[in-house]
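A.B. asks: For reference, this is my_file_20.txt, and it has compact mmCIF, C-alpha atoms.
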```txt
# COMPACT_ATOMS: atom_id res chain seq x y z
CA MET A 17 54.05 64.06 129.70
CA ASN A 18 57.45 64.84 128.19
CA HIS A 19 58.21 68.54 128.60
CA LEU A 20 59.91 70.58 125.92
CA LYS A 21 63.60 71.08 126.49
CA GLU A 22 64.89 74.61 126.91
CA GLU A 23 66.77 74.35 123.65
CA GLN A 24 63.55 73.41 121.85
CA LEU A 25 61.83 76.47 123.31
CA VAL A 26 64.64 78.76 122.17
CA LEU A 27 64.61 77.29 118.69
CA TYR A 28 60.83 77.51 118.60
CA TYR A 29 61.05 81.21 119.52
CA TYR A 30 63.31 81.80 116.52
CA GLY A 31 61.31 79.55 114.24
CA GLU A 32 64.28 77.19 113.96
CA GLU A 33 62.59 74.23 115.58
CA GLY A 34 61.65 71.75 112.86
CA ASP A 35 58.47 70.42 114.44
CA THR A 36 56.77 73.67 115.40
CA LEU A 37 53.30 72.17 115.39
CA THR A 38 54.23 69.68 118.10
CA ALA A 39 55.79 72.46 120.19
CA GLU A 40 52.69 74.62 119.72
CA ARG A 41 50.34 71.85 120.77
CA HIS A 42 52.48 71.07 123.76
CA LEU A 43 52.51 74.68 124.89
CA GLU A 44 48.74 74.78 124.64
CA VAL A 45 48.33 72.02 127.14
CA CYS A 46 51.41 72.32 129.38
CA GLY A 47 51.34 75.19 131.86
CA GLN A 48 54.89 74.55 133.04
CA CYS A 49 56.42 74.82 129.59
CA ARG A 50 54.16 77.77 128.79
CA GLU A 51 55.46 79.58 131.85
CA LEU A 52 59.06 78.84 130.86
CA TYR A 53 58.40 80.05 127.31
CA SER A 54 56.71 83.17 128.59
CA CYS A 55 59.72 83.91 130.79
CA LEU A 56 61.96 83.46 127.79
CA GLN A 57 59.89 85.95 125.80
CA ARG A 58 60.03 88.50 128.62
CA VAL A 59 63.80 88.17 128.91
CA LEU A 60 64.28 88.65 125.20
CA ASN A 61 61.90 91.61 125.20
CA VAL A 62 64.05 93.23 127.88
CA VAL A 63 67.14 92.56 125.78
CA ASP A 64 65.38 94.25 122.87
CA SER A 65 64.85 97.32 124.99
CA LEU A 66 68.60 97.88 125.26
CA PRO A 67 68.99 101.31 123.67
CA VAL A 68 71.43 101.93 120.86
CA PRO A 69 72.91 105.44 120.75
CA GLU A 70 71.56 107.32 117.78
CA ARG A 71 73.78 108.66 115.09
CA GLY A 72 72.60 111.63 113.06
CA ALA A 73 72.37 111.98 109.31
CA GLU A 74 75.79 113.63 109.23
CA TYR A 75 77.44 110.60 110.84
CA GLY A 76 78.42 109.06 107.49
CA LEU A 77 80.23 112.24 106.50
CA GLN A 78 82.11 112.30 109.82
CA VAL A 79 83.16 108.68 109.32
CA TRP A 80 84.33 109.48 105.81
CA GLN A 81 86.39 112.45 106.99
CA ARG A 82 88.25 110.23 109.44
CA LEU A 83 88.56 107.44 106.92
CA GLU A 84 89.82 109.70 104.17
CA ARG A 85 92.81 110.63 106.30
CA GLN A 86 93.59 106.96 106.87
CA ILE A 87 93.29 106.15 103.19
CA ALA A 88 95.52 109.10 102.31
CA GLY A 89 97.93 108.03 105.08
CA ARG A 90 98.01 104.53 103.71
CA ARG A 91 98.93 105.78 100.28
CA GLY A 92 101.55 108.05 101.80
CA ALA A 93 102.95 105.20 103.86
CA ARG A 94 103.33 103.08 100.76
CA TRP A 95 105.17 105.81 98.99
CA THR A 96 107.42 106.81 101.89
CA ALA A 97 108.22 103.15 102.52
CA TRP A 98 110.02 103.28 99.23
CA LEU A 99 112.06 106.22 100.36
CA ARG A 100 113.20 104.55 103.56
CA PRO A 101 116.76 103.27 103.31
CA VAL A 102 116.64 99.50 103.14
CA PRO A 103 120.03 97.72 103.16
CA TRP A 104 119.48 95.81 99.94
CA ARG A 105 118.64 98.99 98.12
CA TRP A 106 121.89 100.57 99.22
CA ALA A 107 123.70 97.41 98.23
CA ALA A 108 122.18 97.73 94.83
CA ALA A 109 123.32 101.31 94.54
CA GLY A 110 126.57 100.38 92.84
CA ALA A 111 124.82 98.28 90.30
CA ALA A 112 122.34 101.06 89.84
CA LEU A 113 125.03 103.46 88.78
CA ALA A 114 125.81 101.14 85.93
CA ALA A 115 122.11 100.67 85.34
CA LEU A 116 121.77 104.41 85.20
CA LEU A 117 124.11 104.44 82.25
CA VAL A 118 122.65 101.55 80.37
CA THR A 119 118.99 102.26 80.92
CA ALA A 120 119.51 105.58 79.16
CA PHE A 121 116.66 107.96 79.17
CA LEU A 122 113.36 106.51 78.30
CA ALA A 123 111.36 109.62 77.88
CA GLY A 124 113.68 111.47 75.54
CA ARG A 125 113.85 108.45 73.31
CA TYR A 126 110.13 108.26 73.10
CA TYR A 127 109.88 111.38 71.06
CA PRO A 128 109.57 110.62 67.40
CA GLN A 129 112.66 111.70 65.64
CA ALA A 130 112.77 112.84 62.04
CA GLY A 131 111.54 110.07 59.80
CA ARG A 132 110.37 107.93 62.68
CA PRO A 133 106.65 107.34 63.06
CA ALA A 134 104.92 107.87 66.38
CA VAL A 135 102.39 105.13 65.86
CA GLN A 136 102.71 103.46 69.24
CA LEU A 137 102.60 106.65 71.25
CA ALA A 138 99.63 107.86 69.31
CA SER A 139 97.87 104.60 70.04
CA ALA A 140 98.46 105.19 73.73
CA GLY A 141 96.18 108.15 73.51
CA LEU A 142 98.96 110.71 73.26
CA ARG A 143 98.68 113.42 70.67
CA PRO A 144 101.13 113.21 67.78
CA ASP A 145 102.59 116.66 68.40
CA LEU A 146 104.68 115.27 71.20
CA GLN A 147 107.35 117.88 70.88
CA ALA A 148 104.85 120.43 72.09
CA ASN A 149 103.49 118.15 74.80
CA GLN A 150 106.60 116.81 76.36
CA GLY A 151 105.39 117.56 79.90
CA VAL A 152 102.20 115.57 79.38
CA LEU A 153 104.12 112.57 78.10
CA MET A 154 106.56 112.74 80.98
CA VAL A 155 103.71 112.78 83.49
CA ALA A 156 102.10 109.76 81.82
CA VAL A 157 105.33 107.77 81.74
CA GLY A 158 106.24 108.85 85.27
CA ASP A 159 102.83 107.78 86.54
CA TYR A 160 103.15 104.42 84.84
CA LEU A 161 106.58 103.85 86.41
CA ASP A 162 105.29 104.94 89.83
CA ARG A 163 102.47 102.45 89.64
CA SER A 164 104.82 99.67 88.58
CA GLN A 165 107.14 100.51 91.45
CA MET A 166 104.36 100.51 93.99
CA VAL A 167 103.18 97.04 93.04
CA LEU A 168 106.70 95.66 93.35
CA ILE A 169 107.47 97.60 96.53
CA GLU A 170 104.38 96.29 98.29
CA LEU A 171 105.39 92.74 97.48
CA ALA A 172 109.07 93.31 98.27
CA ASN A 173 108.27 94.84 101.66
CA ALA A 174 105.61 92.36 102.71
CA ASN A 175 106.81 90.07 105.42
CA PRO A 176 103.86 88.00 106.57
CA LYS A 177 104.13 85.15 109.02
CA ALA A 178 101.36 83.30 107.25
CA GLY A 179 100.26 83.38 103.59
CA LEU A 180 99.69 86.67 101.83
CA ASP A 181 96.75 87.38 99.55
CA ILE A 182 98.19 89.26 96.58
CA SER A 183 95.08 89.32 94.40
CA ALA A 184 94.87 93.14 94.57
CA GLU A 185 98.52 93.47 93.48
CA GLN A 186 97.92 90.89 90.76
CA ALA A 187 95.04 92.90 89.34
CA ARG A 188 97.21 96.01 89.22
CA ALA A 189 100.14 94.11 87.72
CA GLY A 190 97.79 92.73 85.06
CA ASP A 191 96.73 96.27 84.14
CA LEU A 192 100.36 97.35 83.89
CA VAL A 193 101.44 94.53 81.59
CA SER A 194 99.88 96.01 78.45
CA GLU A 195 101.31 99.45 79.21
CA THR A 196 104.75 97.96 79.76
CA ARG A 197 104.51 96.13 76.47
CA LEU A 198 103.57 99.31 74.66
CA TYR A 199 106.45 101.28 76.13
CA ARG A 200 108.87 98.41 75.54
CA GLN A 201 107.86 98.20 71.88
CA THR A 202 108.28 101.93 71.56
CA ALA A 203 111.74 101.80 73.11
CA ALA A 204 112.68 98.97 70.75
CA HIS A 205 111.29 100.92 67.81
CA THR A 206 113.36 103.98 68.68
CA GLY A 207 116.41 101.76 68.96
CA ASP A 208 116.82 102.14 72.70
CA THR A 209 117.67 98.57 73.45
CA ALA A 210 118.81 99.25 77.04
CA VAL A 211 115.49 100.74 78.03
CA ALA A 212 113.66 98.05 76.09
CA SER A 213 115.63 95.48 78.05
CA VAL A 214 114.62 96.96 81.42
CA LEU A 215 111.01 97.11 80.35
CA ASP A 216 111.21 93.56 79.06
CA GLU A 217 112.47 92.51 82.47
CA LEU A 218 109.68 94.43 84.17
CA GLU A 219 107.08 92.92 81.87
CA ARG A 220 108.22 89.40 82.73
CA VAL A 221 108.11 90.15 86.46
CA LEU A 222 104.62 91.62 86.16
CA LEU A 223 103.45 88.64 84.12
CA ASP A 224 104.83 86.23 86.68
CA ILE A 225 103.05 88.10 89.46
CA THR A 226 99.82 88.09 87.46
CA HIS A 227 100.00 84.35 86.91
CA ALA A 228 101.18 83.42 90.40
CA PRO A 229 98.75 81.89 92.92
CA SER A 230 96.65 84.62 94.52
CA GLU A 231 97.84 83.51 97.94
CA LEU A 232 101.60 83.30 98.36
CA THR A 233 103.27 81.35 101.11
CA PRO A 234 106.06 83.15 103.01
CA GLU A 235 108.54 80.97 101.08
CA GLN A 236 107.10 81.93 97.68
CA LEU A 237 107.14 85.56 98.74
CA ALA A 238 110.78 85.26 99.83
CA THR A 239 111.62 83.77 96.43
CA LEU A 240 109.94 86.67 94.68
CA ARG A 241 111.70 89.16 96.95
CA ASN A 242 115.05 87.52 96.25
CA ARG A 243 114.39 87.68 92.56
CA LEU A 244 113.52 91.38 92.70
CA GLU A 245 116.68 92.03 94.68
CA ALA A 246 118.88 89.93 92.44
CA GLU A 247 117.65 91.53 89.27
CA GLY A 248 117.70 95.01 90.78
CA ILE A 249 114.56 95.70 88.82
CA LEU A 250 113.11 97.99 91.46
CA PHE A 251 116.17 100.14 91.49
CA LYS A 252 116.27 100.34 87.73
CA ILE A 253 112.67 101.44 87.60
CA ARG A 254 113.24 103.94 90.33
CA VAL A 255 116.17 105.48 88.49
CA LEU A 256 114.19 105.51 85.28
CA GLY A 257 111.29 107.14 87.11
CA SER A 258 113.54 109.79 88.65
CA ASN A 259 114.92 110.67 85.26
CA VAL A 260 111.50 110.88 83.75
CA ARG A 261 110.26 113.03 86.62
CA ASN A 262 113.19 115.37 86.15
CA GLN A 263 112.05 115.81 82.60
CA GLU A 264 108.53 116.84 83.54
CA LEU A 265 109.24 120.22 82.10
CA PRO A 266 107.16 123.28 82.71
CA ALA A 267 105.13 123.92 79.60
CA GLY A 268 106.87 126.12 77.11
CA THR A 269 110.25 126.22 78.81
CA THR A 270 112.43 123.63 77.20
CA ALA A 271 109.95 121.68 75.21
CA GLY A 272 111.58 119.49 72.68
CA GLN A 273 114.82 119.26 74.62
CA LYS A 274 116.40 115.84 74.39
CA LEU A 275 117.64 114.01 77.46
CA MET B 18 66.87 108.07 90.88
CA GLU B 19 69.45 106.97 93.43
CA LEU B 20 72.25 104.92 91.95
CA SER B 21 72.82 101.44 93.34
CA ASP B 22 75.69 100.34 95.55
CA ALA B 23 76.97 98.26 92.66
CA THR B 24 77.49 101.37 90.54
CA PHE B 25 79.52 103.07 93.24
CA VAL B 26 81.45 99.89 93.99
CA ALA B 27 82.49 99.66 90.33
CA ARG B 28 83.62 103.29 90.36
CA ALA B 29 85.44 102.89 93.66
CA ARG B 30 87.26 99.86 92.29
CA SER B 31 88.58 101.93 89.46
CA GLY B 32 90.07 104.38 91.95
CA ASP B 33 87.23 106.85 92.45
CA THR B 34 87.42 107.66 96.16
CA GLY B 35 84.37 109.89 95.85
CA ALA B 36 82.34 106.80 94.98
CA PHE B 37 83.66 105.04 98.06
CA ARG B 38 82.62 108.06 100.10
CA VAL B 39 79.02 107.56 98.97
CA LEU B 40 79.17 103.94 100.15
CA VAL B 41 80.60 105.04 103.50
CA GLU B 42 77.87 107.61 103.97
CA ARG B 43 75.19 105.09 103.08
CA HIS B 44 76.25 102.29 105.38
CA SER B 45 77.91 103.91 108.40
CA ARG B 46 74.83 104.22 110.59
CA THR B 47 73.73 100.62 110.08
CA LEU B 48 77.25 99.43 110.77
CA PHE B 49 77.36 101.46 113.94
CA ARG B 50 74.11 99.98 115.28
CA MET B 51 75.32 96.46 114.63
CA ALA B 52 78.77 97.16 116.06
CA PHE B 53 77.28 98.70 119.18
CA ARG B 54 75.15 95.62 119.78
CA MET B 55 78.20 93.46 119.34
CA THR B 56 80.58 95.45 121.49
CA GLY B 57 78.15 97.12 123.90
CA ASN B 58 80.38 100.14 123.89
CA GLU B 59 80.04 103.32 121.88
CA SER B 60 83.72 103.97 121.49
CA ASP B 61 84.44 100.39 120.45
CA ALA B 62 81.56 100.53 117.99
CA GLU B 63 83.08 103.65 116.42
CA ASP B 64 86.38 101.82 116.07
CA VAL B 65 84.66 98.86 114.45
CA VAL B 66 82.92 101.10 111.91
CA GLN B 67 86.19 102.77 111.03
CA GLU B 68 88.21 99.57 110.86
CA SER B 69 85.66 97.62 108.86
CA LEU B 70 85.29 100.38 106.26
CA LEU B 71 89.06 100.61 105.95
CA ARG B 72 89.27 96.84 105.52
CA ALA B 73 86.53 97.01 102.92
CA TYR B 74 88.44 99.69 101.03
CA LYS B 75 91.61 97.62 101.05
CA GLN B 76 89.78 94.49 99.96
CA LEU B 77 87.51 96.09 97.38
CA ALA B 78 89.33 94.32 94.57
CA LYS B 79 88.36 90.98 96.11
CA PHE B 80 84.67 91.81 96.40
CA ASP B 81 82.52 89.57 94.24
CA GLU B 82 80.24 91.96 92.40
CA ARG B 83 77.48 89.37 92.24
CA ALA B 84 77.07 89.67 96.00
CA ALA B 85 75.36 92.54 97.82
CA PHE B 86 77.89 95.11 98.96
CA GLY B 87 75.94 95.76 102.17
CA THR B 88 76.03 92.10 103.17
CA TRP B 89 79.73 91.84 102.42
CA LEU B 90 80.47 94.97 104.41
CA TYR B 91 78.32 93.69 107.22
CA ARG B 92 80.33 90.51 107.47
CA ILE B 93 83.58 92.42 107.58
CA ALA B 94 82.16 94.54 110.40
CA MET B 95 80.98 91.44 112.22
CA ASN B 96 84.46 89.96 112.03
CA CYS B 97 86.00 93.21 113.25
CA SER B 98 83.58 93.21 116.17
CA LEU B 99 84.36 89.61 116.90
CA ASP B 100 88.09 90.31 116.90
CA LEU B 101 87.57 93.22 119.25
CA VAL B 102 85.29 91.33 121.64
CA ARG B 103 87.70 88.40 121.76
CA ALA B 104 90.68 90.67 122.37
CA ARG B 105 88.79 92.50 125.11
CA LYS B 106 87.90 89.23 126.80
CA ARG B 107 91.50 88.06 126.65
CA ARG B 108 92.67 91.34 128.15
CA SER B 109 90.12 91.29 130.94
CA GLU B 110 91.00 87.69 131.76
CA GLN B 111 94.65 88.63 132.00
CA LEU B 112 94.09 91.77 134.04
CA ALA B 113 91.35 90.75 136.45
CA PRO B 114 91.89 87.83 138.79
CA SER B 115 88.82 85.69 139.26
CA ASP B 116 86.39 87.20 141.72
CA PRO B 117 83.52 84.91 142.68
CA GLU B 118 81.21 87.86 143.32
CA MET B 119 81.96 89.33 139.93
CA ASP B 120 81.59 85.96 138.28
CA ASP B 121 78.06 85.58 139.52
CA PRO B 122 76.07 88.60 138.38
CA LEU B 123 73.03 87.42 140.31
CA LEU B 124 74.80 88.15 143.58
CA SER B 125 74.77 91.84 142.90
CA LEU B 126 71.16 92.03 141.79
CA PRO B 127 68.87 94.51 143.45
CA SER B 128 66.55 93.32 146.18
CA GLY B 129 63.54 91.33 145.06
CA ASP B 130 61.06 94.07 145.87
CA ALA B 131 61.71 95.81 142.56
CA THR B 132 58.93 95.07 140.12
CA PRO B 133 59.57 94.52 136.40
CA ASP B 134 57.54 97.62 135.58
CA ARG B 135 59.64 99.78 137.82
CA LEU B 136 62.87 98.26 136.60
CA ALA B 137 61.94 98.52 132.96
CA MET B 138 62.10 102.26 133.26
CA SER B 139 65.37 102.35 135.09
CA GLY B 140 68.94 102.38 133.96
CA GLU B 141 69.43 99.36 136.14
CA VAL B 142 67.85 97.08 133.58
CA ARG B 143 70.10 98.49 130.91
CA ASP B 144 73.14 97.86 133.08
CA ARG B 145 72.06 94.32 133.85
CA VAL B 146 71.38 93.52 130.20
CA THR B 147 74.74 95.00 129.25
CA GLU B 148 76.47 92.91 131.88
CA ALA B 149 74.64 89.79 130.80
CA MET B 150 75.60 90.41 127.18
CA ASN B 151 79.20 90.98 128.22
CA ASP B 152 79.20 87.65 129.99
CA LEU B 153 78.54 85.83 126.73
CA SER B 154 81.48 84.35 124.90
CA ALA B 155 82.48 86.03 121.64
CA SER B 156 80.87 83.35 119.49
CA GLU B 157 77.71 83.27 121.63
CA ARG B 158 77.37 87.01 121.42
CA THR B 159 77.94 87.08 117.68
CA ALA B 160 75.51 84.26 117.06
CA PHE B 161 72.90 85.92 119.26
CA VAL B 162 73.28 89.41 117.73
CA LEU B 163 73.10 88.03 114.22
CA ARG B 164 70.11 85.84 114.91
CA HIS B 165 68.18 87.99 117.34
CA PHE B 166 68.85 91.56 116.23
CA GLU B 167 69.83 91.13 112.63
CA GLY B 168 67.41 88.31 111.84
CA MET B 169 69.99 86.22 109.99
CA CYS B 170 69.19 82.58 109.39
CA ILE B 171 71.33 79.97 111.14
CA GLU B 172 73.15 79.09 107.91
CA ASP B 173 74.31 82.70 107.48
CA VAL B 174 75.27 82.91 111.13
CA SER B 175 77.38 79.79 110.73
CA ARG B 176 79.10 81.30 107.69
CA VAL B 177 80.07 84.41 109.63
CA LEU B 178 81.27 82.33 112.57
CA GLY B 179 83.02 79.85 110.30
CA CYS B 180 81.38 76.85 111.92
CA GLN B 181 78.75 74.23 111.17
CA PRO B 182 75.08 75.28 111.37
CA GLY B 183 74.60 72.91 114.32
CA ALA B 184 77.33 74.68 116.25
CA ALA B 185 75.86 78.08 115.38
CA LYS B 186 72.46 76.93 116.55
CA HIS B 187 73.98 75.73 119.80
CA SER B 188 75.73 79.09 120.29
CA VAL B 189 72.41 80.88 119.93
CA PHE B 190 70.86 78.52 122.45
CA ARG B 191 73.67 78.92 124.96
CA ALA B 192 73.48 82.71 124.64
CA VAL B 193 69.74 82.77 125.29
CA GLN B 194 70.13 80.33 128.15
CA LYS B 195 72.76 82.51 129.81
CA LEU B 196 70.68 85.63 129.28
CA ARG B 197 67.62 83.97 130.73
CA ARG B 198 69.49 82.88 133.82
CA ALA B 199 71.00 86.30 134.34
CA LEU B 200 67.88 88.34 133.62
CA GLU B 201 65.02 86.15 134.77
CA PRO B 202 64.97 87.69 138.28
CA LEU B 203 64.36 91.07 136.67
CA VAL B 204 61.39 89.99 134.60
CA SER B 205 59.67 87.55 136.94
CA PRO B 206 56.40 88.91 138.32
CA ALA B 207 56.63 89.78 142.04
CA LYS B 208 55.39 86.92 144.15
```
In structure tokens, what does this structure look like?
C.D. replies:
Amino acid sequence: MNHLKEEQLVLYYYGEEGDTLTAERHLEVCGQCRELYSCLQRVLNVVDSLPVPERGAEYGLQVWQRLERQIAGRRGARWTAWLRPVPWRWAAAGAALAALLVTAFLAGRYYPQAGRPAVQLASAGLRPDLQANQGVLMVAVGDYLDRSQMVLIELANANPKAGLDISAEQARAGDLVSETRLYRQTAAHTGDTAVASVLDELERVLLDITHAPSELTPEQLATLRNRLEAEGILFKIRVLGSNVRNQELPAGTTAGQKL
Amino acid sequence: MELSDATFVARARSGDTGAFRVLVERHSRTLFRMAFRMTGNESDAEDVVQESLLRAYKQLAKFDERAAFGTWLYRIAMNCSLDLVRARKRRSEQLAPSDPEMDDPLLSLPSGDATPDRLAMSGEVRDRVTEAMNDLSASERTAFVLRHFEGMCIEDVSRVLGCQPGAAKHSVFRAVQKLRRALEPLVSPAK
């Protein structure tokens, strides 16, 4: 009589053995294999008895409390990474001074001046009485610039040894494209060609990121980083963002003031 | 009526951390049980739960909404456990020189006069099972935990391990074979 192999018995135990009927019949008539199978069952029953420490109903909340700190820390780390002095940023400082002049002041120019319609801003969900809501507008524009910066910073600071999955950044860049377009059109409409130019540059970078492969090789990432450095786009956005943030005026103080 | 995971996943993806909190609270205990079986250590299991949920949060944008969130999360946790078990093995191999007595767990078994009934109630069985589980390779342990405790089919096990189903099947077999050899003296009826 051919006995069942140990592997067949294990697979039979888990119902993975194709010919279970043959194994069953064999076990009925073969005491030796039956004893081996019985031993296997006892061993696995003992393994099953291994206790797992219980976690109470509040465990999920405890996990969340620890996790929340990490998530908050991660966001903080992203933001403070931007503040860390990186040589290329300092190198770009000179160019930024010029950029500071030519990029003008986005937010101030967004306010509809006499005779100029506020169609685009209204379509962005902002109320037409912008003069009275300058702070709200500044917050919205500042938030948009922050989000744009963060996408670019994460890519500029990534330095993987292998490929990098950028699908999350791509999704965020995709969301930002339409906002950028809206603000660019508004800047063009108000005649602020310098700001429109920066936003046009940003829009192209965001579009390129959106349409890039979702997994970048270190070389592709280096190319993107070089491009960001060469164009100084991050610095320009940062300066623009700083200016906008400075204009987040307390309600009722200097509303309507032009930059 | 309790809202589904999918609802909270959609909210979490749009930046609602409160929605992610609900998912964390729902799945933490299950993750812990699985992680403990994989790592055999409470503290490591806690780390796996934390790390896998953080990974899930970071990768939420990549989650395919057609799949079950629990299954996806489970696989992340399995991979975290696997990473940890592999790293632990590497560390122990580097730190501990080979000791023949330690290599053969049967040498330190209690005398044969202990009956299975007596042993079943003792912490000794638990220690022996833990040791036997720790002696499995990372892939054997993963394959065994997934198949034996989690009831996954071989195809799913092979997907988690990133190998062919035949290899996954063989890992399960090798794990059971090792466990049987290590634990058989404990469960054999006294002669």
A.B. asks: Output as a VMD selection string the set of chain A residues within 6 Å of chain B, with distances taken over all atoms listed in the file.
C.D. replies: chain A and resid 23 59 66 76 to 77 184
A.B. asks: Counting all atoms listed in the file, figure out which residue out of B:Glu19, B:Asp100, B:Asp152, B:Glu172 gets nearest to Val65 of chain B.
C.D. replies: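 The answer is B:Asp100, which sits nearest to Val65 of chain B.
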A.B. asks: Go ahead and find all residues with at least one atom no further than 10 Å from (107.6, 96.2, 73.5) in the file's coordinates, using all atoms listed in the file; report them as a short mmCIF file (atom, residue, chain, number, x, y, z; two decimals) with C-alpha atoms, in the frame of the given file.
C.D. replies:
```
data_model
loop_
_atom_site.label_atom_id
_atom_site.label_comp_id
_atom_site.auth_asym_id
_atom_site.auth_seq_id
_atom_site.Cartn_x
_atom_site.Cartn_y
_atom_site.Cartn_z
CA GLN A 136 102.71 103.46 69.24
CA SER A 194 99.88 96.01 78.45
CA GLU A 195 101.31 99.45 79.21
CA THR A 196 104.75 97.96 79.76
CA ARG A 197 104.51 96.13 76.47
CA LEU A 198 103.57 99.31 74.66
CA TYR A 199 106.45 101.28 76.13
CA ARG A 200 108.87 98.41 75.54
CA GLN A 201 107.86 98.20 71.88
CA THR A 202 108.28 101.93 71.56
CA ALA A 203 111.74 101.80 73.11
CA ALA A 204 112.68 98.97 70.75
CA HIS A 205 111.29 100.92 67.81
CA ALA A 212 113.66 98.05 76.09
CA SER A 213 115.63 95.48 78.05
CA LEU A 215 111.01 97.11 80.35
CA ASP A 216 111.21 93.56 79.06
CA GLU A 219 107.08 92.92 81.87
#
```
A.B. asks: So how many Å separate atom CA of Arg58 of chain A and atom CA of Ala184 of chain B, to one decimal?
C.D. replies: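 If I compute the distance from atom CA of Arg58 of chain A to atom CA of Ala184 of chain B, I get 25.4 Å.
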A.B. asks: Rounded to one decimal place, report the atom CA of Ala94 of chain B-atom CA of Val177 of chain B distance in Å.
C.D. replies: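 Result for atom CA of Ala94 of chain B versus atom CA of Val177 of chain B: 10.4 Å, one decimal.
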A.B. asks: Applying 12 Å and only C-alpha atoms, which residues near Arg103 of chain B remain after dropping the ones on its own chain fewer than 2 positions away? List them as a PyMOL selection string.
C.D. replies: chain B and resi 55-56+96-101+105-110+151-159
A.B. asks: Please indicate the distance in Å from atom CA of Val26 of chain A to atom CA of Val162 of chain B, rounded to one decimal place.
C.D. replies: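 Straight-line distance from atom CA of Val26 of chain A to atom CA of Val162 of chain B works out to 14.4 Å.
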